[in-house]
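Worksheet: the structure to be examined is printed underneath.
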Amino acid sequence: EGPNLPVYLVSWNDCQAFIAKINEMGFGTFRLPTEAEWEYACRAGTTTRFFFGDALECNDDDKVYCDTMARYMWWYGNSDYVAAEVAMKEPNPWGLYDIHGNVWEICRDYLGAYLDEAQVDPHGPELGVSRVIRGGARGFNAKRCRSAFRTYMDDGKTNGSVGLRLVLEYP
């Protein structure tokens with residue numbers, strides 16, 4: 001819809017076709033992040049509910065506007081249910097914009113239970129029905145935009161609140 005709007009209304013299959021095309025262009029190898037990579041990038045070294053803190057002064061469930069959240073994310077307390085231009089809110093400590101809210105972001109992992117033992121850069125199940133999506137979106141409450149919140153969607157389905165964020169693999 002515009003050069004500064006996020007890509008959304010896509011399926012996992014759409015993302016794979018797009019990634020295949022851009023990888024043919026010779027600018028490097030792009031892919032979707034694993035769920036673990038997504039959360040690591042979202043948190044940017046923080047341990048709070050959002051990269052900008054716990055925001056305990058804000059109500060997670062209501063459509064009540066909150067100044068703290070409004071500085072960093074789009075959710076149903078400030079979005080009017082429409083996608084916003086990227087980079088209109090403050091970035092996380094690593095310079096990533098719109099990691100909380102605006103559009104859900106598809107990860108490459110299938111939805112599965114977390115393993116009990118400690119892991120380094122874990123990957124989700126190899127097979128499954130639904131892909132993990134992270135980040136929350138403009139039409140959802142703040143609780144669903146938290147760093148740790150996860151949900152899912154099927155590979156062939158599209159959703160007006162789901163988009164993508166790409167990883168450029170280091171050679």
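Quick note on naming: the chains in the structure tokens go A, B, ... in the order shown, residues restart at 1 in each chain, and ligands are numbered from 1 in order of appearance.
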Checklist entry - Could you pull the residues within 6 Å of Asn102 of chain A, counting only C-alpha atoms, minus those fewer than 3 positions along the same chain, as an MDAnalysis selection string? => result chainID A and resid 74 83 137:138
Go ahead and dump the residues you just picked, N, CA and C atoms, as a compact mmCIF listing (two decimals), in the first residue's frame.
```txt
# COMPACT_ATOMS: atom_id res chain seq x y z
N TRP A 74 2.67 -0.12 18.31
CA TRP A 74 1.28 0.03 17.88
C TRP A 74 0.51 -1.17 18.42
N ALA A 83 -2.52 -0.69 9.75
CA ALA A 83 -1.06 -0.76 9.77
C ALA A 83 -0.49 0.65 9.68
N ALA A 137 0.19 -7.32 17.14
CA ALA A 137 -0.24 -6.50 16.01
C ALA A 137 -1.14 -5.39 16.49
N ARG A 138 -1.41 -4.48 15.57
CA ARG A 138 -2.14 -3.25 15.88
C ARG A 138 -3.54 -3.49 16.42
```
Using only C-alpha atoms, I'd like a table of the residues in segment 21-78 of chain A that come within 10 Å of segment 122-126 of chain A; for each, show the closest atom pair and its distance in Å rounded to one decimal, ordered by chain and ascending number, as a Markdown table.
```
| residue | atom | partner | partner_atom | distance |
| --- | --- | --- | --- | --- |
| A:Pro33 | CA | A:His123 | CA | 10.0 |
| A:Thr34 | CA | A:His123 | CA | 6.4 |
| A:Glu35 | CA | A:His123 | CA | 7.3 |
| A:Ala36 | CA | A:Pro122 | CA | 6.2 |
| A:Glu37 | CA | A:Pro122 | CA | 8.7 |
```
Next on the checklist: What parts of segment 31-65 of chain A does DSSP call alpha helix (DSSP H)? I'd like the answer as a PyMOL selection string.
Outcome noted: chain A and resi 35-43
Kindly save the residues from that selection, with all heavy atoms included, as a PDB file, in the first residue's frame.
```pdb
ATOM      1  N   GLU A  35      12.208 -18.878  15.769  1.00  0.00           N
ATOM      2  CA  GLU A  35      11.512 -18.244  16.888  1.00  0.00           C
ATOM      3  C   GLU A  35      12.513 -17.729  17.924  1.00  0.00           C
ATOM      4  O   GLU A  35      12.363 -16.630  18.448  1.00  0.00           O
ATOM      5  CB  GLU A  35      10.538 -19.236  17.518  1.00  0.00           C
ATOM      6  CG  GLU A  35       9.734 -18.633  18.639  1.00  0.00           C
ATOM      7  CD  GLU A  35       8.740 -19.587  19.259  1.00  0.00           C
ATOM      8  OE1 GLU A  35       8.781 -20.804  18.986  1.00  0.00           O
ATOM      9  OE2 GLU A  35       7.914 -19.097  20.049  1.00  0.00           O
ATOM     10  N   ALA A  36      13.549 -18.504  18.196  1.00  0.00           N
ATOM     11  CA  ALA A  36      14.563 -18.091  19.165  1.00  0.00           C
ATOM     12  C   ALA A  36      15.304 -16.842  18.689  1.00  0.00           C
ATOM     13  O   ALA A  36      15.566 -15.926  19.470  1.00  0.00           O
ATOM     14  CB  ALA A  36      15.545 -19.229  19.423  1.00  0.00           C
ATOM     15  N   GLU A  37      15.647 -16.791  17.405  1.00  0.00           N
ATOM     16  CA  GLU A  37      16.305 -15.599  16.859  1.00  0.00           C
ATOM     17  C   GLU A  37      15.390 -14.389  16.959  1.00  0.00           C
ATOM     18  O   GLU A  37      15.843 -13.292  17.286  1.00  0.00           O
ATOM     19  CB  GLU A  37      16.681 -15.827  15.390  1.00  0.00           C
ATOM     20  CG  GLU A  37      17.819 -16.789  15.190  1.00  0.00           C
ATOM     21  CD  GLU A  37      18.007 -17.168  13.740  1.00  0.00           C
ATOM     22  OE1 GLU A  37      17.033 -17.150  12.944  1.00  0.00           O
ATOM     23  OE2 GLU A  37      19.155 -17.514  13.388  1.00  0.00           O
ATOM     24  N   TRP A  38      14.104 -14.591  16.667  1.00  0.00           N
ATOM     25  CA  TRP A  38      13.155 -13.473  16.724  1.00  0.00           C
ATOM     26  C   TRP A  38      13.113 -12.903  18.143  1.00  0.00           C
ATOM     27  O   TRP A  38      13.223 -11.692  18.335  1.00  0.00           O
ATOM     28  CB  TRP A  38      11.750 -13.905  16.273  1.00  0.00           C
ATOM     29  CG  TRP A  38      10.848 -12.729  16.173  1.00  0.00           C
ATOM     30  CD1 TRP A  38      10.572 -12.003  15.051  1.00  0.00           C
ATOM     31  CD2 TRP A  38      10.162 -12.071  17.251  1.00  0.00           C
ATOM     32  NE1 TRP A  38       9.752 -10.945  15.365  1.00  0.00           N
ATOM     33  CE2 TRP A  38       9.485 -10.965  16.711  1.00  0.00           C
ATOM     34  CE3 TRP A  38      10.048 -12.311  18.610  1.00  0.00           C
ATOM     35  CZ2 TRP A  38       8.715 -10.103  17.471  1.00  0.00           C
ATOM     36  CZ3 TRP A  38       9.281 -11.444  19.385  1.00  0.00           C
ATOM     37  CH2 TRP A  38       8.628 -10.363  18.814  1.00  0.00           C
ATOM     38  N   GLU A  39      12.960 -13.778  19.142  1.00  0.00           N
ATOM     39  CA  GLU A  39      12.861 -13.283  20.518  1.00  0.00           C
ATOM     40  C   GLU A  39      14.165 -12.645  20.977  1.00  0.00           C
ATOM     41  O   GLU A  39      14.153 -11.618  21.663  1.00  0.00           O
ATOM     42  CB  GLU A  39      12.445 -14.394  21.483  1.00  0.00           C
ATOM     43  CG  GLU A  39      12.170 -13.857  22.868  1.00  0.00           C
ATOM     44  CD  GLU A  39      11.492 -14.827  23.806  1.00  0.00           C
ATOM     45  OE1 GLU A  39      10.841 -15.780  23.339  1.00  0.00           O
ATOM     46  OE2 GLU A  39      11.606 -14.611  25.019  1.00  0.00           O
ATOM     47  N   TYR A  40      15.285 -13.202  20.608  1.00  0.00           N
ATOM     48  CA  TYR A  40      16.580 -12.629  20.945  1.00  0.00           C
ATOM     49  C   TYR A  40      16.697 -11.212  20.378  1.00  0.00           C
ATOM     50  O   TYR A  40      17.116 -10.282  21.064  1.00  0.00           O
ATOM     51  CB  TYR A  40      17.689 -13.541  20.402  1.00  0.00           C
ATOM     52  CG  TYR A  40      19.090 -13.110  20.760  1.00  0.00           C
ATOM     53  CD1 TYR A  40      19.602 -13.327  22.035  1.00  0.00           C
ATOM     54  CD2 TYR A  40      19.899 -12.510  19.811  1.00  0.00           C
ATOM     55  CE1 TYR A  40      20.902 -12.945  22.360  1.00  0.00           C
ATOM     56  CE2 TYR A  40      21.196 -12.128  20.122  1.00  0.00           C
ATOM     57  CZ  TYR A  40      21.688 -12.346  21.397  1.00  0.00           C
ATOM     58  OH  TYR A  40      22.967 -11.969  21.709  1.00  0.00           O
ATOM     59  N   ALA A  41      16.320 -11.047  19.117  1.00  0.00           N
ATOM     60  CA  ALA A  41      16.363  -9.722  18.480  1.00  0.00           C
ATOM     61  C   ALA A  41      15.360  -8.768  19.115  1.00  0.00           C
ATOM     62  O   ALA A  41      15.655  -7.584  19.306  1.00  0.00           O
ATOM     63  CB  ALA A  41      16.093  -9.849  16.983  1.00  0.00           C
ATOM     64  N   CYS A  42      14.199  -9.262  19.459  1.00  0.00           N
ATOM     65  CA  CYS A  42      13.185  -8.423  20.098  1.00  0.00           C
ATOM     66  C   CYS A  42      13.680  -7.910  21.445  1.00  0.00           C
ATOM     67  O   CYS A  42      13.605  -6.720  21.732  1.00  0.00           O
ATOM     68  CB  CYS A  42      11.894  -9.222  20.281  1.00  0.00           C
ATOM     69  SG  CYS A  42      10.601  -8.343  21.200  1.00  0.00           S
ATOM     70  N   ARG A  43      14.188  -8.801  22.252  1.00  0.00           N
ATOM     71  CA  ARG A  43      14.636  -8.423  23.597  1.00  0.00           C
ATOM     72  C   ARG A  43      15.864  -7.523  23.575  1.00  0.00           C
ATOM     73  O   ARG A  43      16.034  -6.684  24.445  1.00  0.00           O
ATOM     74  CB  ARG A  43      14.912  -9.672  24.425  1.00  0.00           C
ATOM     75  CG  ARG A  43      13.647 -10.417  24.790  1.00  0.00           C
ATOM     76  CD  ARG A  43      13.947 -11.569  25.723  1.00  0.00           C
ATOM     77  NE  ARG A  43      12.734 -12.266  26.068  1.00  0.00           N
ATOM     78  CZ  ARG A  43      11.868 -11.868  27.001  1.00  0.00           C
ATOM     79  NH1 ARG A  43      12.099 -10.770  27.681  1.00  0.00           N
ATOM     80  NH2 ARG A  43      10.779 -12.570  27.254  1.00  0.00           N
TER      81      ARG A  43
END
```
Next on the checklist: I'd like the neighbourhood of Thr158 of chain A as number ranges by chain, where a residue qualifies if any of its atoms comes within 9 Å (using only C-alpha atoms), though same-chain residues fewer than 6 positions away should be ignored.
Outcome noted: A: 8-12, 14
Restricted to C-alpha atoms, what would the selected residues look like written as a short mmCIF file (atom, residue, chain, number, x, y, z; two decimals), in the first residue's frame?
```
data_model
loop_
_atom_site.label_atom_id
_atom_site.label_comp_id
_atom_site.auth_asym_id
_atom_site.auth_seq_id
_atom_site.Cartn_x
_atom_site.Cartn_y
_atom_site.Cartn_z
CA TYR A 8 1.30 -7.86 5.58
CA LEU A 9 -1.62 -10.06 4.49
CA VAL A 10 0.85 -12.80 3.63
CA SER A 11 1.05 -16.53 4.23
CA TRP A 12 4.10 -18.67 5.00
CA ASP A 14 3.93 -16.20 0.13
#
```
Next on the checklist: Can you pull out every residue from chain A that DSSP, working from the backbone, puts in strand (DSSP E or B), and format the result as a list in words?
Outcome noted: Tyr8, Phe30, Arg31, Phe50, Gly53, Trp74, Gly101, Trp104, Glu105, Ile106, Cys107, Arg108, Asp109, Tyr110, Ser130, Arg131, Val132, Ile133, Arg134, Arg150, Thr151, Tyr152, Met153, Asp154, Val162, Gly163, Val167 and Leu168 of chain A
Next on the checklist: as a VMD selection string, please: the residues near Arg146 of chain A (cut-off 12 Å, only C-alpha atoms, same-chain neighbours under 4 positions excluded).
Outcome noted: chain A and resid 39 42 to 43 47 to 55 60 to 61 69 72 to 75 99 to 101 104 134 to 137 140 to 142 150 to 151
Create the file for the chosen residues now, containing N, CA, C and O atoms and written as a short mmCIF file (atom, residue, chain, number, x, y, z; two decimals), in the first residue's frame.
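This is the output file part.cif:
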```
data_model
loop_
_atom_site.label_atom_id
_atom_site.label_comp_id
_atom_site.auth_asym_id
_atom_site.auth_seq_id
_atom_site.Cartn_x
_atom_site.Cartn_y
_atom_site.Cartn_z
N GLU A 39 12.96 -13.78 19.14
CA GLU A 39 12.86 -13.28 20.52
C GLU A 39 14.17 -12.65 20.98
O GLU A 39 14.15 -11.62 21.66
N CYS A 42 14.20 -9.26 19.46
CA CYS A 42 13.18 -8.42 20.10
C CYS A 42 13.68 -7.91 21.44
O CYS A 42 13.60 -6.72 21.73
N ARG A 43 14.19 -8.80 22.25
CA ARG A 43 14.64 -8.42 23.60
C ARG A 43 15.86 -7.52 23.57
O ARG A 43 16.03 -6.68 24.45
N THR A 47 15.52 -8.14 29.75
CA THR A 47 14.85 -9.29 30.36
C THR A 47 13.43 -8.94 30.81
O THR A 47 12.82 -9.72 31.54
N THR A 48 12.93 -7.82 30.40
CA THR A 48 11.60 -7.37 30.82
C THR A 48 10.53 -7.83 29.82
O THR A 48 10.84 -8.38 28.77
N ARG A 49 9.28 -7.56 30.14
CA ARG A 49 8.15 -8.00 29.30
C ARG A 49 8.20 -7.40 27.90
O ARG A 49 7.78 -8.03 26.94
N PHE A 50 8.68 -6.19 27.79
CA PHE A 50 8.89 -5.51 26.52
C PHE A 50 10.34 -5.03 26.53
O PHE A 50 10.91 -4.84 27.60
N PHE A 51 10.93 -4.77 25.39
CA PHE A 51 12.32 -4.30 25.42
C PHE A 51 12.45 -2.97 26.14
O PHE A 51 13.50 -2.63 26.66
N PHE A 52 11.36 -2.20 26.25
CA PHE A 52 11.40 -0.89 26.89
C PHE A 52 11.01 -0.95 28.37
O PHE A 52 10.91 0.08 29.02
N GLY A 53 10.84 -2.13 28.93
CA GLY A 53 10.53 -2.28 30.34
C GLY A 53 9.29 -3.13 30.55
O GLY A 53 8.73 -3.70 29.61
N ASP A 54 8.86 -3.21 31.80
CA ASP A 54 7.68 -4.01 32.11
C ASP A 54 6.37 -3.27 31.84
O ASP A 54 5.34 -3.89 31.66
N ALA A 55 6.40 -1.94 31.83
CA ALA A 55 5.21 -1.11 31.57
C ALA A 55 4.06 -1.50 32.50
O ALA A 55 2.91 -1.60 32.08
N ASP A 60 -2.65 -4.16 30.27
CA ASP A 60 -2.37 -5.05 29.14
C ASP A 60 -3.61 -5.46 28.35
O ASP A 60 -3.51 -5.83 27.20
N ASP A 61 -4.77 -5.46 28.99
CA ASP A 61 -5.95 -6.04 28.38
C ASP A 61 -6.91 -5.03 27.75
O ASP A 61 -7.67 -5.37 26.87
N MET A 69 3.72 2.78 26.38
CA MET A 69 3.60 1.87 25.24
C MET A 69 3.53 2.63 23.92
O MET A 69 4.09 2.21 22.92
N TYR A 72 6.67 3.28 21.87
CA TYR A 72 7.43 2.18 21.29
C TYR A 72 6.66 1.23 20.38
O TYR A 72 7.28 0.45 19.67
N MET A 73 5.33 1.23 20.45
CA MET A 73 4.60 0.19 19.71
C MET A 73 3.20 0.62 19.30
O MET A 73 2.64 1.56 19.84
N TRP A 74 2.67 -0.12 18.31
CA TRP A 74 1.28 0.03 17.88
C TRP A 74 0.51 -1.17 18.42
O TRP A 74 0.93 -2.32 18.25
N TRP A 75 -0.57 -0.92 19.10
CA TRP A 75 -1.47 -1.96 19.60
C TRP A 75 -2.84 -1.34 19.59
O TRP A 75 -3.03 -0.23 19.12
N ILE A 99 9.11 -3.94 16.51
CA ILE A 99 9.25 -5.33 16.93
C ILE A 99 8.08 -5.72 17.84
O ILE A 99 7.72 -6.88 17.93
N HIS A 100 7.49 -4.74 18.51
CA HIS A 100 6.26 -4.95 19.28
C HIS A 100 5.12 -4.28 18.52
O HIS A 100 5.16 -3.09 18.24
N GLY A 101 4.11 -5.04 18.17
CA GLY A 101 2.93 -4.46 17.54
C GLY A 101 3.08 -4.20 16.05
O GLY A 101 4.01 -4.66 15.41
N TRP A 104 2.04 -8.94 13.14
CA TRP A 104 2.67 -10.18 13.58
C TRP A 104 3.75 -10.53 12.57
O TRP A 104 3.63 -10.20 11.39
N ARG A 134 5.08 -14.01 15.92
CA ARG A 134 5.48 -13.28 17.12
C ARG A 134 5.30 -11.78 16.92
O ARG A 134 5.19 -11.29 15.80
N GLY A 135 5.27 -11.05 18.02
CA GLY A 135 5.33 -9.59 17.99
C GLY A 135 4.04 -8.85 18.23
O GLY A 135 4.05 -7.66 18.49
N GLY A 136 2.92 -9.53 18.11
CA GLY A 136 1.65 -8.82 18.28
C GLY A 136 1.32 -7.96 17.08
O GLY A 136 2.07 -7.92 16.11
N ALA A 137 0.19 -7.32 17.14
CA ALA A 137 -0.24 -6.50 16.01
C ALA A 137 -1.14 -5.39 16.49
O ALA A 137 -1.61 -5.37 17.61
N PHE A 140 -4.53 -5.88 18.50
CA PHE A 140 -4.49 -6.79 19.65
C PHE A 140 -4.08 -6.03 20.91
O PHE A 140 -3.46 -4.98 20.85
N ASN A 141 -4.41 -6.64 22.07
CA ASN A 141 -4.05 -6.00 23.32
C ASN A 141 -2.53 -6.09 23.55
O ASN A 141 -1.84 -6.86 22.90
N ALA A 142 -2.06 -5.27 24.43
CA ALA A 142 -0.62 -5.17 24.69
C ALA A 142 -0.03 -6.49 25.20
O ALA A 142 1.12 -6.79 24.90
N ARG A 150 3.66 -15.87 22.06
CA ARG A 150 3.70 -16.59 20.80
C ARG A 150 2.33 -17.15 20.46
O ARG A 150 1.57 -17.51 21.32
N THR A 151 2.04 -17.18 19.18
CA THR A 151 0.85 -17.83 18.69
C THR A 151 1.19 -18.42 17.32
O THR A 151 2.37 -18.61 17.02
#
```
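For the pair atom CA of Glu85 of chain A and atom CA of Gly163 of chain A, the separation is 13.3 Å.
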Next on the checklist: If I take atom CA of Cys15 of chain A and atom CA of Gly95 of chain A, how far is one from the other in Å, to one decimal?
Outcome noted: 23.4 Å
Go through segment 48-117 of chain A and flag each residue having an atom no more than 9 Å from segment 130-133 of chain A; for those, report the closest pair of atoms plus their distance in Å to one decimal, using only C-alpha atoms, ordered by chain and rising number, as a tab-separated table.
```
residue	atom	partner	partner_atom	distance
A:Trp104	CA	A:Ile133	CA	5.9
A:Glu105	CA	A:Ile133	CA	5.2
A:Ile106	CA	A:Ile133	CA	4.4
A:Cys107	CA	A:Val132	CA	5.5
A:Arg108	CA	A:Arg131	CA	6.7
A:Asp109	CA	A:Arg131	CA	5.8
A:Tyr110	CA	A:Arg131	CA	4.3
A:Leu111	CA	A:Val132	CA	5.2
A:Gly112	CA	A:Val132	CA	8.6
```
Checklist entry - For the atom pair atom CA of Arg71 of chain A and atom CA of Glu90 of chain A, what is the interatomic distance in Å to one decimal place? => result 6.2 Å
Checklist entry - Contacts of Cys66 of chain A at 9 Å or less, counting only C-alpha atoms, minus same-chain residues fewer than 3 places along, as a count of residues only? => result 8
Item to check | Using only C-alpha atoms: which of A:Cys145, A:Leu32, A:Val64, A:Val120 has the shortest distance to Gln16 of chain A | outcome: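 Of A:Cys145, A:Leu32, A:Val64, A:Val120, the one nearest Gln16 of chain A is A:Leu32, counting only C-alpha atoms.
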Checklist entry - Taking into account only C-alpha atoms, which residue in the set A:Tyr114, A:Arg144, A:Asp80, A:Val103 is nearest to Val7 of chain A? => result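 Among the listed residues, A:Val103 lies closest to Val7 of chain A.
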